[in-house]
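Dropping coords_24.txt in here (compact mmCIF, C-alpha atoms and all ligand atoms):
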# COMPACT_ATOMS: atom_id res chain seq x y z
CA MET R 30 0.38 -22.69 34.08
CA ASN R 31 0.47 -25.79 31.91
CA ALA R 32 2.17 -29.07 32.65
CA LYS R 33 5.31 -28.14 30.74
CA MET R 34 5.75 -24.94 32.73
CA VAL R 35 5.23 -26.80 35.98
CA ALA R 36 7.87 -29.32 34.98
CA LEU R 37 10.32 -26.55 34.10
CA SER R 38 9.69 -24.76 37.37
CA MET R 39 10.25 -27.98 39.30
CA ALA R 40 13.49 -28.56 37.43
CA ALA R 41 14.65 -25.03 38.21
CA LEU R 42 13.80 -25.41 41.88
CA THR R 43 15.59 -28.74 42.03
CA CYS R 44 18.72 -27.17 40.53
CA LEU R 45 18.53 -24.28 42.95
CA ALA R 46 18.12 -26.61 45.91
CA ALA R 47 20.98 -28.80 44.73
CA SER R 48 23.33 -25.85 44.35
CA GLU R 49 22.42 -24.53 47.77
CA THR R 50 23.04 -27.84 49.46
CA ALA R 51 26.37 -28.15 47.65
CA GLY R 52 27.26 -24.83 49.23
CA ALA R 53 29.81 -24.08 46.56
CA THR R 54 27.98 -21.41 44.62
CA PRO R 55 29.14 -17.93 45.59
CA PRO R 56 26.43 -15.29 45.76
CA LEU R 57 25.87 -13.47 42.50
CA THR R 58 27.25 -9.97 42.64
CA ALA R 59 27.84 -7.40 39.95
CA PRO R 60 31.46 -7.36 38.85
CA ASP R 61 33.46 -4.27 39.69
CA ARG R 62 33.33 -1.96 36.74
CA GLN R 63 36.04 0.51 36.00
CA THR R 64 36.58 2.95 33.22
CA VAL R 65 39.94 2.72 31.56
CA GLU R 66 41.40 4.84 28.83
CA VAL R 67 43.57 3.37 26.15
CA SER R 68 45.43 5.52 23.70
CA LEU R 69 46.31 3.81 20.49
CA PRO R 70 49.30 4.93 18.47
CA ALA R 71 48.40 7.46 15.82
CA GLY R 72 48.38 5.94 12.38
CA ARG R 73 47.22 6.94 8.98
CA THR R 74 44.06 5.44 7.55
CA THR R 75 44.73 6.24 3.92
CA PHE R 76 47.70 6.18 1.58
CA PRO R 77 49.51 9.40 0.71
CA PRO R 78 47.98 11.04 -2.34
CA GLY R 79 49.51 10.26 -5.71
CA GLN R 80 48.77 8.51 -8.94
CA GLY R 81 47.32 5.12 -8.00
CA SER R 82 46.65 6.00 -4.35
CA GLU R 83 42.92 5.54 -4.81
CA LEU R 84 43.59 1.95 -5.93
CA ALA R 85 45.69 1.31 -2.85
CA ASN R 86 43.00 2.89 -0.66
CA ALA R 87 40.38 0.70 -2.28
CA HIS R 88 42.32 -2.57 -2.20
CA CYS R 89 45.03 -2.47 0.43
CA VAL R 90 43.27 -1.38 3.61
CA ILE R 91 40.59 -4.04 3.66
CA CYS R 92 42.71 -6.29 5.85
CA HIS R 93 45.41 -4.10 7.35
CA SER R 94 46.40 -0.48 7.76
CA PRO R 95 48.46 1.46 5.24
CA GLY R 96 51.19 1.31 7.89
CA MET R 97 51.66 -2.39 7.16
CA VAL R 98 52.69 -1.33 3.67
CA LEU R 99 54.40 1.99 4.38
CA ARG R 100 56.64 0.65 7.13
CA GLN R 101 58.27 -1.89 4.83
CA PRO R 102 61.77 -1.29 3.56
CA PRO R 103 61.80 0.20 0.05
CA LEU R 104 61.17 -2.33 -2.70
CA SER R 105 61.76 -2.22 -6.43
CA PHE R 106 58.85 -2.19 -8.88
CA GLU R 107 59.31 -5.92 -9.53
CA GLU R 108 59.39 -6.64 -5.80
CA TRP R 109 56.24 -4.59 -5.20
CA LYS R 110 54.55 -6.47 -8.02
CA ALA R 111 55.44 -9.75 -6.33
CA GLU R 112 54.24 -8.39 -2.98
CA VAL R 113 50.89 -7.28 -4.38
CA ASN R 114 50.52 -10.59 -6.13
CA LYS R 115 51.27 -12.39 -2.88
CA MET R 116 48.35 -10.51 -1.29
CA ARG R 117 46.11 -11.87 -4.04
CA VAL R 118 47.39 -15.41 -4.21
CA VAL R 119 48.30 -16.16 -0.61
CA TYR R 120 45.82 -13.99 1.29
CA ALA R 121 43.05 -13.90 -1.34
CA ALA R 122 42.89 -10.11 -1.58
CA PRO R 123 39.99 -9.33 -3.93
CA LEU R 124 42.14 -7.41 -6.38
CA PRO R 125 41.77 -7.46 -10.17
CA ALA R 126 44.87 -8.90 -11.84
CA ASP R 127 45.01 -5.98 -14.27
CA LYS R 128 45.53 -3.54 -11.40
CA ILE R 129 48.67 -5.17 -10.00
CA GLU R 130 51.09 -3.14 -12.10
CA GLU R 131 49.40 0.17 -11.39
CA ILE R 132 49.42 -0.44 -7.65
CA ALA R 133 53.03 -1.62 -7.81
CA ARG R 134 53.97 1.52 -9.73
CA TYR R 135 52.32 3.68 -7.09
CA LEU R 136 54.02 1.77 -4.26
CA SER R 137 57.41 2.04 -5.86
CA ALA R 138 56.80 5.77 -6.34
CA ILE R 139 56.13 6.28 -2.63
CA ASN R 140 58.44 3.60 -1.18
CA GLY R 141 60.64 2.35 -3.94
CA LYS R 142 64.21 1.56 -4.75
CA PRO R 143 65.76 1.27 -8.19
C1 LIG R 201 42.69 -10.20 2.02
C2 LIG R 201 43.45 -9.48 3.00
C3 LIG R 201 44.58 -8.58 2.52
C4 LIG R 201 44.50 -7.57 1.59
C5 LIG R 201 43.28 -7.07 0.84
C6 LIG R 201 45.84 -7.03 1.49
N1 LIG R 201 46.68 -7.67 2.36
FE1 LIG R 201 48.62 -7.22 2.71
N2 LIG R 201 48.69 -8.61 4.18
C7 LIG R 201 47.67 -9.47 4.51
C8 LIG R 201 48.13 -10.36 5.54
C9 LIG R 201 47.30 -11.46 6.19
C10 LIG R 201 49.45 -10.01 5.82
C11 LIG R 201 50.40 -10.67 6.79
C12 LIG R 201 50.19 -10.06 8.13
C13 LIG R 201 51.16 -10.61 9.14
O1 LIG R 201 52.11 -11.31 8.78
O2 LIG R 201 50.96 -10.28 10.32
C14 LIG R 201 49.77 -8.89 4.95
C15 LIG R 201 50.99 -8.24 4.94
C16 LIG R 201 51.36 -7.28 4.04
C17 LIG R 201 52.67 -6.68 3.95
C18 LIG R 201 53.85 -6.98 4.89
C19 LIG R 201 54.85 -7.90 4.24
C20 LIG R 201 54.32 -9.29 4.05
O3 LIG R 201 54.44 -9.78 2.92
O4 LIG R 201 53.78 -9.90 5.00
C21 LIG R 201 52.65 -5.81 2.90
C22 LIG R 201 53.78 -4.96 2.38
C23 LIG R 201 51.30 -5.85 2.35
N3 LIG R 201 50.54 -6.75 3.07
C24 LIG R 201 50.89 -5.10 1.27
C25 LIG R 201 49.61 -5.10 0.76
C26 LIG R 201 49.19 -4.31 -0.38
C27 LIG R 201 50.09 -3.38 -1.17
C28 LIG R 201 47.87 -4.57 -0.56
C29 LIG R 201 46.98 -4.02 -1.64
C30 LIG R 201 47.31 -4.42 -2.98
C31 LIG R 201 47.47 -5.54 0.46
N4 LIG R 201 48.55 -5.83 1.24
C32 LIG R 201 46.18 -6.03 0.62
C33 LIG R 201 46.42 -9.47 3.98
C34 LIG R 201 45.94 -8.62 3.01

Give the structure from the file, written as structure tokens.
Amino acid sequence: MNAKMVALSMAALTCLAASETAGATPPLTAPDRQTVEVSLPAGRTTFPPGQGSELANAHCVICHSPGMVLRQPPLSFEEWKAEVNKMRVVYAAPLPADKIEEIARYLSAINGKP
């Protein structure tokens, strides 16, 4: 045991003694452990198949589920374009600009309005 180790041991003993004299430290016991089961709502992990779905699967589930997109009210092509662009500009989705229209076309095919 070198001098440093002795000093550390002394410090540890001093702390221990201090906490015992303070009398406030409850004895260390293992916390009660219980097993709980949680069932999460079923949700899809990919977009429904269709032209452009692979783009949506590649770019739109990085940050949230497809449900975030599919549960929206129907949007027009122009509105979907704006929405996809918002994901890029506001939330920094790593999405090539030249894919915006194709994704918007797909989204308006599966959840669109005129
Ligand atoms: C970089 C992360 C990221 C990516 C990638 C992403 N989003 Fe989002 N998206 C968000 C965030 C953050 C929200 C807001 C969540 C909230 O309000 O709780 C959001 C919300 C949405 C909403 C809900 C309406 C809204 O505007 O808040 C839609 C629709 C949506 N995203 C579509 C898409 C589509 C389509 C893609 C693929 C092109 C996409 N997102 C990719 C981050 C992302």

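Going from CA of Pro78 in chain R to CA of Ser105 in chain R covers 19.6 Å.
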
Could you tell me which of R:Gly96, R:Pro143, R:Gly81, R:Pro56 comes closest to Glu130 in chain R if we count all atoms listed in the file?
R:Gly81

At a cut-off of 12 Å and counting all atoms listed in the file, what residues surround ligand LIG 201 (chain R)? Please answer as a ChimeraX atom specification.
/R:75-76,81-104,106,108-137,139-141

Report, in Å with one decimal, the straight-line distance from CA of Ala138 in chain R to CA of Pro70 in chain R.
25.9 Å

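We find CA of Gln80 in chain R and CA of Glu107 in chain R to be spaced 17.9 Å apart.
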
Taking the partial coordinates given, rebuild range 80-103 of chain R to contain N, CA, C and O atoms; return it as a short mmCIF file (atom, residue, chain, number, x, y, z; two decimals), in the frame of the given file.
data_model
loop_
_atom_site.label_atom_id
_atom_site.label_comp_id
_atom_site.auth_asym_id
_atom_site.auth_seq_id
_atom_site.Cartn_x
_atom_site.Cartn_y
_atom_site.Cartn_z
N GLN R 80 49.41 9.30 -7.90
CA GLN R 80 48.77 8.51 -8.94
C GLN R 80 48.70 7.04 -8.53
O GLN R 80 49.74 6.42 -8.28
N GLY R 81 47.50 6.51 -8.41
CA GLY R 81 47.32 5.12 -8.00
C GLY R 81 46.93 4.99 -6.54
O GLY R 81 46.59 3.90 -6.08
N SER R 82 46.96 6.11 -5.78
CA SER R 82 46.65 6.00 -4.35
C SER R 82 45.21 5.56 -4.11
O SER R 82 44.94 4.84 -3.16
N GLU R 83 44.32 5.95 -5.02
CA GLU R 83 42.92 5.54 -4.81
C GLU R 83 42.77 4.02 -4.96
O GLU R 83 41.97 3.40 -4.28
N LEU R 84 43.61 3.42 -5.81
CA LEU R 84 43.59 1.95 -5.93
C LEU R 84 44.07 1.30 -4.63
O LEU R 84 43.50 0.34 -4.15
N ALA R 85 45.16 1.86 -4.11
CA ALA R 85 45.69 1.31 -2.85
C ALA R 85 44.67 1.49 -1.73
O ALA R 85 44.44 0.58 -0.93
N ASN R 86 44.01 2.67 -1.69
CA ASN R 86 43.00 2.89 -0.66
C ASN R 86 41.83 1.92 -0.81
O ASN R 86 41.24 1.49 0.17
N ALA R 87 41.52 1.59 -2.05
CA ALA R 87 40.38 0.70 -2.28
C ALA R 87 40.73 -0.76 -2.00
O ALA R 87 39.88 -1.54 -1.61
N HIS R 88 41.99 -1.14 -2.23
CA HIS R 88 42.32 -2.57 -2.20
C HIS R 88 43.27 -2.98 -1.10
O HIS R 88 43.41 -4.17 -0.83
N CYS R 89 43.96 -2.05 -0.50
CA CYS R 89 45.03 -2.47 0.43
C CYS R 89 44.72 -2.17 1.89
O CYS R 89 45.55 -2.44 2.74
N VAL R 90 43.57 -1.62 2.19
CA VAL R 90 43.27 -1.38 3.61
C VAL R 90 42.06 -2.19 4.07
O VAL R 90 41.50 -1.92 5.11
N ILE R 91 41.70 -3.18 3.27
CA ILE R 91 40.59 -4.04 3.66
C ILE R 91 41.02 -4.89 4.85
O ILE R 91 40.26 -5.11 5.79
N CYS R 92 42.26 -5.35 4.81
CA CYS R 92 42.71 -6.29 5.85
C CYS R 92 43.70 -5.68 6.83
O CYS R 92 43.85 -6.19 7.93
N HIS R 93 44.44 -4.70 6.44
CA HIS R 93 45.41 -4.10 7.35
C HIS R 93 45.55 -2.62 7.04
O HIS R 93 45.06 -2.14 6.03
N SER R 94 46.27 -1.93 7.92
CA SER R 94 46.40 -0.48 7.76
C SER R 94 47.42 -0.16 6.66
O SER R 94 48.23 -1.01 6.30
N PRO R 95 47.40 1.07 6.17
CA PRO R 95 48.46 1.46 5.24
C PRO R 95 49.84 1.30 5.87
O PRO R 95 50.82 1.04 5.17
N GLY R 96 49.90 1.44 7.20
CA GLY R 96 51.19 1.31 7.89
C GLY R 96 51.87 -0.02 7.60
O GLY R 96 53.10 -0.09 7.49
N MET R 97 51.10 -1.07 7.47
CA MET R 97 51.66 -2.39 7.16
C MET R 97 52.46 -2.32 5.85
O MET R 97 53.44 -3.04 5.66
N VAL R 98 52.03 -1.46 4.96
CA VAL R 98 52.69 -1.33 3.67
C VAL R 98 53.80 -0.28 3.73
O VAL R 98 54.90 -0.48 3.24
N LEU R 99 53.47 0.85 4.39
CA LEU R 99 54.40 1.99 4.38
C LEU R 99 55.62 1.77 5.27
O LEU R 99 56.65 2.40 5.06
N ARG R 100 55.50 0.89 6.25
CA ARG R 100 56.64 0.65 7.13
C ARG R 100 57.62 -0.39 6.59
O ARG R 100 58.59 -0.72 7.24
N GLN R 101 57.35 -0.90 5.42
CA GLN R 101 58.27 -1.89 4.83
C GLN R 101 59.51 -1.18 4.30
O GLN R 101 59.45 -0.01 3.92
N PRO R 102 60.61 -1.88 4.23
CA PRO R 102 61.77 -1.29 3.56
C PRO R 102 61.43 -1.04 2.08
O PRO R 102 60.54 -1.69 1.55
N PRO R 103 62.11 -0.09 1.45
CA PRO R 103 61.80 0.20 0.05
C PRO R 103 61.98 -1.05 -0.82
O PRO R 103 62.90 -1.83 -0.60
#
